[in-house]
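Printed here is work_8.cif (mmCIF, C-alpha atoms):
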```
data_final
loop_
_atom_site.label_atom_id
_atom_site.label_comp_id
_atom_site.auth_asym_id
_atom_site.auth_seq_id
_atom_site.Cartn_x
_atom_site.Cartn_y
_atom_site.Cartn_z
CA MET A 1 0.51 10.23 -4.44
CA PHE A 2 -3.20 9.63 -4.03
CA LYS A 3 -4.01 13.33 -4.11
CA TYR A 4 -3.02 13.18 -7.80
CA ILE A 5 -5.39 10.30 -8.60
CA LYS A 6 -8.84 11.21 -9.83
CA ASN A 7 -11.63 10.55 -7.29
CA CYS A 8 -9.17 10.27 -4.39
CA GLU A 9 -8.99 12.75 -1.54
CA VAL A 10 -6.26 12.97 1.08
CA PRO A 11 -7.84 14.62 4.12
CA ARG A 12 -5.76 16.47 6.72
CA GLN A 13 -7.08 14.25 9.52
CA GLY A 14 -9.06 11.09 10.04
CA PHE A 15 -8.54 8.54 7.29
CA ASP A 16 -5.48 8.57 5.00
CA VAL A 17 -7.41 8.41 1.71
CA ILE A 18 -11.05 8.68 0.73
CA TYR A 19 -11.91 7.22 -2.67
CA THR A 20 -15.26 7.95 -4.32
CA ASN A 21 -16.30 5.46 -6.98
CA PRO A 22 -17.28 7.57 -10.01
CA ASP A 23 -19.90 5.04 -11.17
CA THR A 24 -21.74 4.53 -7.88
CA GLY A 25 -20.77 7.59 -5.84
CA LYS A 26 -19.98 5.26 -2.92
CA LYS A 27 -16.95 5.99 -0.77
CA ILE A 28 -14.10 3.88 0.53
CA TYR A 29 -12.31 5.18 3.61
CA VAL A 30 -8.70 4.00 3.77
CA GLU A 31 -6.29 3.56 6.64
CA MET A 32 -2.87 2.97 5.08
CA LYS A 33 0.00 1.11 6.73
CA ASN A 34 3.51 0.66 5.40
CA LYS A 35 3.88 -2.98 6.36
CA HIS A 36 1.61 -5.84 7.36
CA ASN A 37 3.16 -6.13 10.83
CA THR A 38 3.31 -2.46 11.86
CA MET A 39 0.22 -2.59 14.08
CA ASN A 40 0.10 -4.14 17.51
CA SER A 41 -3.14 -5.61 18.83
CA ASP A 42 -4.30 -2.36 20.46
CA SER A 43 -3.71 -0.23 17.36
CA ALA A 44 -5.40 -2.86 15.15
CA ASN A 45 -8.42 -2.76 17.47
CA ASN A 46 -8.45 1.04 17.32
CA VAL A 47 -8.36 1.05 13.51
CA TYR A 48 -11.06 -1.61 13.28
CA ASN A 49 -13.30 0.30 15.73
CA LYS A 50 -12.71 3.53 13.80
CA MET A 51 -13.95 1.71 10.68
CA ILE A 52 -16.97 0.23 12.47
CA ASN A 53 -17.90 3.73 13.67
CA LYS A 54 -17.53 5.15 10.14
CA ILE A 55 -19.86 2.45 8.76
CA LYS A 56 -22.42 3.18 11.50
CA GLU A 57 -22.19 6.87 10.62
CA GLU A 58 -22.37 6.27 6.85
CA PRO A 59 -23.91 2.83 6.13
CA ASP A 60 -23.16 2.87 2.38
CA VAL A 61 -19.37 3.16 2.73
CA LYS A 62 -16.60 0.59 2.85
CA CYS A 63 -13.39 0.81 4.87
CA TYR A 64 -10.03 -0.62 3.85
CA LEU A 65 -6.86 -1.31 5.73
CA VAL A 66 -4.38 -0.93 2.85
CA GLU A 67 -0.92 -2.41 3.36
CA VAL A 68 1.90 -1.23 1.13
CA ILE A 69 3.99 -4.29 1.98
CA ALA A 70 1.49 -7.04 2.69
CA LYS A 71 2.27 -10.73 3.06
CA LYS A 72 0.52 -11.31 -0.27
CA SER A 73 -1.60 -9.64 -2.90
CA GLN A 74 -5.08 -9.53 -1.35
CA ASN A 75 -8.49 -7.95 -1.06
CA GLU A 76 -10.31 -9.85 1.66
CA VAL A 77 -12.58 -9.33 4.64
CA TRP A 78 -10.54 -8.21 7.64
CA THR A 79 -11.24 -10.50 10.58
CA ILE A 80 -10.02 -9.33 13.96
CA HIS A 81 -10.64 -11.31 17.16
CA GLY A 82 -13.39 -13.27 15.41
CA ASN A 83 -15.20 -10.09 14.31
CA THR A 84 -15.96 -9.64 10.61
CA ASN A 85 -17.83 -7.12 8.54
CA GLU A 86 -18.01 -7.46 4.75
CA LYS A 87 -17.52 -3.71 4.44
CA ILE A 88 -14.17 -3.78 6.26
CA ARG A 89 -11.40 -5.22 4.13
CA ARG A 90 -7.66 -5.84 4.26
CA VAL A 91 -6.18 -4.87 0.90
CA SER A 92 -2.66 -4.89 -0.55
CA ILE A 93 -1.52 -1.74 -2.33
CA ASP A 94 -1.59 -3.39 -5.77
CA LYS A 95 -5.27 -4.30 -5.39
CA PHE A 96 -6.09 -0.81 -4.10
CA TYR A 97 -4.37 0.89 -7.06
CA TYR A 98 -6.36 -1.42 -9.35
CA GLU A 99 -9.59 -0.38 -7.65
CA VAL A 100 -8.91 3.37 -7.91
CA THR A 101 -7.42 3.36 -11.42
CA GLY A 102 -9.10 0.40 -13.14
CA ILE A 103 -5.65 -0.71 -14.33
CA LYS A 104 -4.72 -4.20 -13.11
CA ASN A 105 -0.96 -3.57 -12.92
CA ALA A 106 -1.11 0.13 -11.98
CA PHE A 107 1.09 -0.30 -8.90
CA LYS A 108 3.64 -2.26 -10.95
CA MET A 109 3.63 0.46 -13.58
CA ILE A 110 4.34 3.10 -10.94
CA CYS A 111 7.14 0.99 -9.52
CA ASP A 112 8.61 0.48 -12.98
CA ASN A 113 8.97 4.24 -13.30
CA LEU A 114 10.59 4.74 -9.91
CA PRO A 115 13.99 3.14 -10.67
CA LYS A 116 15.19 6.10 -12.73
CA GLN A 117 14.60 8.45 -9.83
CA LEU A 118 15.91 5.99 -7.25
CA ASP A 119 19.06 5.45 -9.30
CA ILE A 120 19.76 9.18 -9.23
CA VAL A 121 19.24 9.33 -5.46
CA LEU A 122 21.34 6.21 -4.78
CA LYS A 123 24.23 7.45 -6.91
CA LYS A 124 24.17 10.76 -5.06
CA LEU A 125 24.16 8.98 -1.69
CA MET A 126 27.08 6.76 -2.68
CA GLU A 127 29.06 9.78 -3.88
CA ASP A 128 28.36 11.67 -0.68
CA GLU A 129 29.17 8.85 1.74
CA LYS A 130 32.17 7.30 -0.08
CA GLN A 131 31.90 4.22 2.09
CA GLU A 132 30.16 0.86 1.76
CA ASN A 133 26.72 0.83 3.29
CA ILE A 134 25.69 -2.52 4.83
CA VAL A 135 22.14 -2.19 3.45
CA PHE A 136 23.47 -1.85 -0.09
CA GLY A 137 25.56 -4.98 0.46
CA GLN A 138 22.54 -6.99 1.60
CA LEU A 139 20.47 -5.78 -1.34
CA LYS A 140 23.24 -6.73 -3.79
CA GLU A 141 23.11 -10.29 -2.39
CA ILE A 142 19.49 -10.56 -3.57
CA ASN A 143 20.26 -9.10 -7.00
CA PRO A 144 23.19 -7.04 -8.31
CA ASP A 145 20.69 -4.39 -9.41
CA ILE A 146 19.88 -2.65 -6.09
CA ILE A 147 16.60 -1.24 -7.31
CA LYS A 148 15.41 -4.62 -8.60
CA SER A 149 16.42 -6.11 -5.23
CA MET A 150 14.15 -3.68 -3.39
CA PHE A 151 11.20 -4.60 -5.58
CA LEU A 152 11.90 -8.35 -5.39
CA LEU A 153 12.19 -8.19 -1.62
CA ALA A 154 9.04 -6.18 -1.04
CA PHE A 155 6.58 -7.10 -3.78
CA ASN A 156 7.41 -10.58 -5.08
CA THR A 157 3.81 -11.85 -4.64
CA TYR A 158 2.08 -8.77 -6.11
CA GLU A 159 0.37 -8.58 -9.49
CA GLY A 160 2.94 -8.31 -12.28
CA PHE A 161 6.03 -8.66 -10.06
CA ASN A 162 6.26 -12.43 -9.90
CA LYS A 163 7.17 -12.79 -13.58
CA GLU A 164 10.57 -11.11 -13.38
#
```
Is it possible to express this structure as structure tokens?
Amino acid sequence: MFKYIKNCEVPRQGFDVIYTNPDTGKKIYVEMKNKHNTMNSDSANNVYNKMINKIKEEPDVKCYLVEVIAKKSQNEVWTIHGNTNEKIRRVSIDKFYYEVTGIKNAFKMICDNLPKQLDIVLKKLMEDEKQENIVFGQLKEINPDIIKSMFLLAFNTYEGFNKE
């Protein structure tokens, strides 16, 4: 989706997203992860070192580890094995969308528009399978509305989500 956001670039290799601040011209190099616990110690070290090398190469840049499903809404210095660098940050997806769009609840707004499409896909899946799926059952235990369950499960501490 970031290739459709102004000032964002999605390169074929290297970092996942490069955002250029239109006011300062400074860049943020982003490594994106789906979930806060998807990296083991070795891969976390590799990502951190990749970011350190990028900052050495281009001293005016920042580097973000952006987590789609983080433990909490955050934009903080990423500390790994006691090492910190103010230019290397751990950021939840809601805070990153805010940074690149200037809209505080941009991620929430995107998520609010997804249910229509998800509903179509889920109905099609249910028609095709004609049998109860255990995942759907677990989601219905959280909330009868499956789509709302997915959002509540994944983003309950993010900006705009905790008021539902």
(message) I'd like the contact shell of stretch 106-111 of chain A - 10 Å cut-off, all atoms listed in the file, skipping same-chain residues fewer than 4 positions apart - returned as a ChimeraX atom specification.
(response) /A:93-102,115,147,151,155,158-161
(request) Could you jot down the atom CA of A:Leu153 to atom CA of A:Lys71 separation for me, Å, one decimal place? (result)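 That distance, rounded to one decimal, is 11.3 Å.
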For stretch 32-45 of chain A, list every protein, DNA or RNA residue within 6 Å, evaluated using all atoms listed in the file, and leave out those in the same chain fewer than 6 positions away; present the list as a tab-separated table (two decimals) with C-alpha atoms, in the frame of the given file.
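Okay, this is what ended up in selection10.tsv:
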```tsv
chain	number	residue	atom	x	y	z
A	65	LEU	CA	-6.86	-1.31	5.73
A	66	VAL	CA	-4.38	-0.93	2.85
A	67	GLU	CA	-0.92	-2.41	3.36
A	68	VAL	CA	1.90	-1.23	1.13
A	69	ILE	CA	3.99	-4.29	1.98
A	70	ALA	CA	1.49	-7.04	2.69
```
(request) To verify the selection step, state as a list in words which residues the PyMOL selection byres ((chain A and resi 5-20) around 8) yields on this input. (result)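 Selected by the PyMOL selection byres ((chain A and resi 5-20) around 8) in this file: Met1, Phe2, Lys3, Tyr4, Asn21, Pro22, Gly25, Lys26, Lys27, Ile28, Tyr29, Val30, Glu31, Met32, Val100 and Thr101 of chain A.
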(request) Work out how far apart atom CA of A:Asn75 and atom CA of A:Arg90 are and give it in Å to one decimal. (result) 5.8 Å
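Relative to atom CA of A:Asn156, atom CA of A:Arg89 is found at 21.6 Å.
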(request) Return as a PyMOL selection string the set of residues that the PyMOL selection byres ((chain A and resi 77) around 8) yields on the displayed structure. (result) chain A and resi 75-76+78-79+84-90
Keeping C-alpha atoms for every residue in the selection just given, could you write it to a file as a compact mmCIF listing (two decimals), keeping the file's coordinate frame?
```txt
# COMPACT_ATOMS: atom_id res chain seq x y z
CA ASN A 75 -8.49 -7.95 -1.06
CA GLU A 76 -10.31 -9.85 1.66
CA TRP A 78 -10.54 -8.21 7.64
CA THR A 79 -11.24 -10.50 10.58
CA THR A 84 -15.96 -9.64 10.61
CA ASN A 85 -17.83 -7.12 8.54
CA GLU A 86 -18.01 -7.46 4.75
CA LYS A 87 -17.52 -3.71 4.44
CA ILE A 88 -14.17 -3.78 6.26
CA ARG A 89 -11.40 -5.22 4.13
CA ARG A 90 -7.66 -5.84 4.26
```
Stretch 118-123 of chain A: axis-aligned bounding box, 8 Å on each side, centre and edge lengths in Å, one decimal, as AutoDock Vina command-line options:
```
--center_x 20.1 --center_y 7.4 --center_z -7.0 --size_x 24.3 --size_y 19.9 --size_z 20.5
```
(request) Give the answer as one residue: which of A:Ile103, A:Cys63, A:Leu114, A:Val47 has the shortest atom-to-atom distance to A:Val91, using all atoms listed in the file? (result)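 Going through A:Ile103, A:Cys63, A:Leu114, A:Val47 one by one, the smallest distance to A:Val91 is for A:Cys63.
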(message) Let me make sure I understand: among A:Asp145, A:Leu122, A:Ser73, A:Asn83, which one has the smallest atom-to-atom distance to A:Lys104 if we use all atoms listed in the file?
(response) A:Ser73
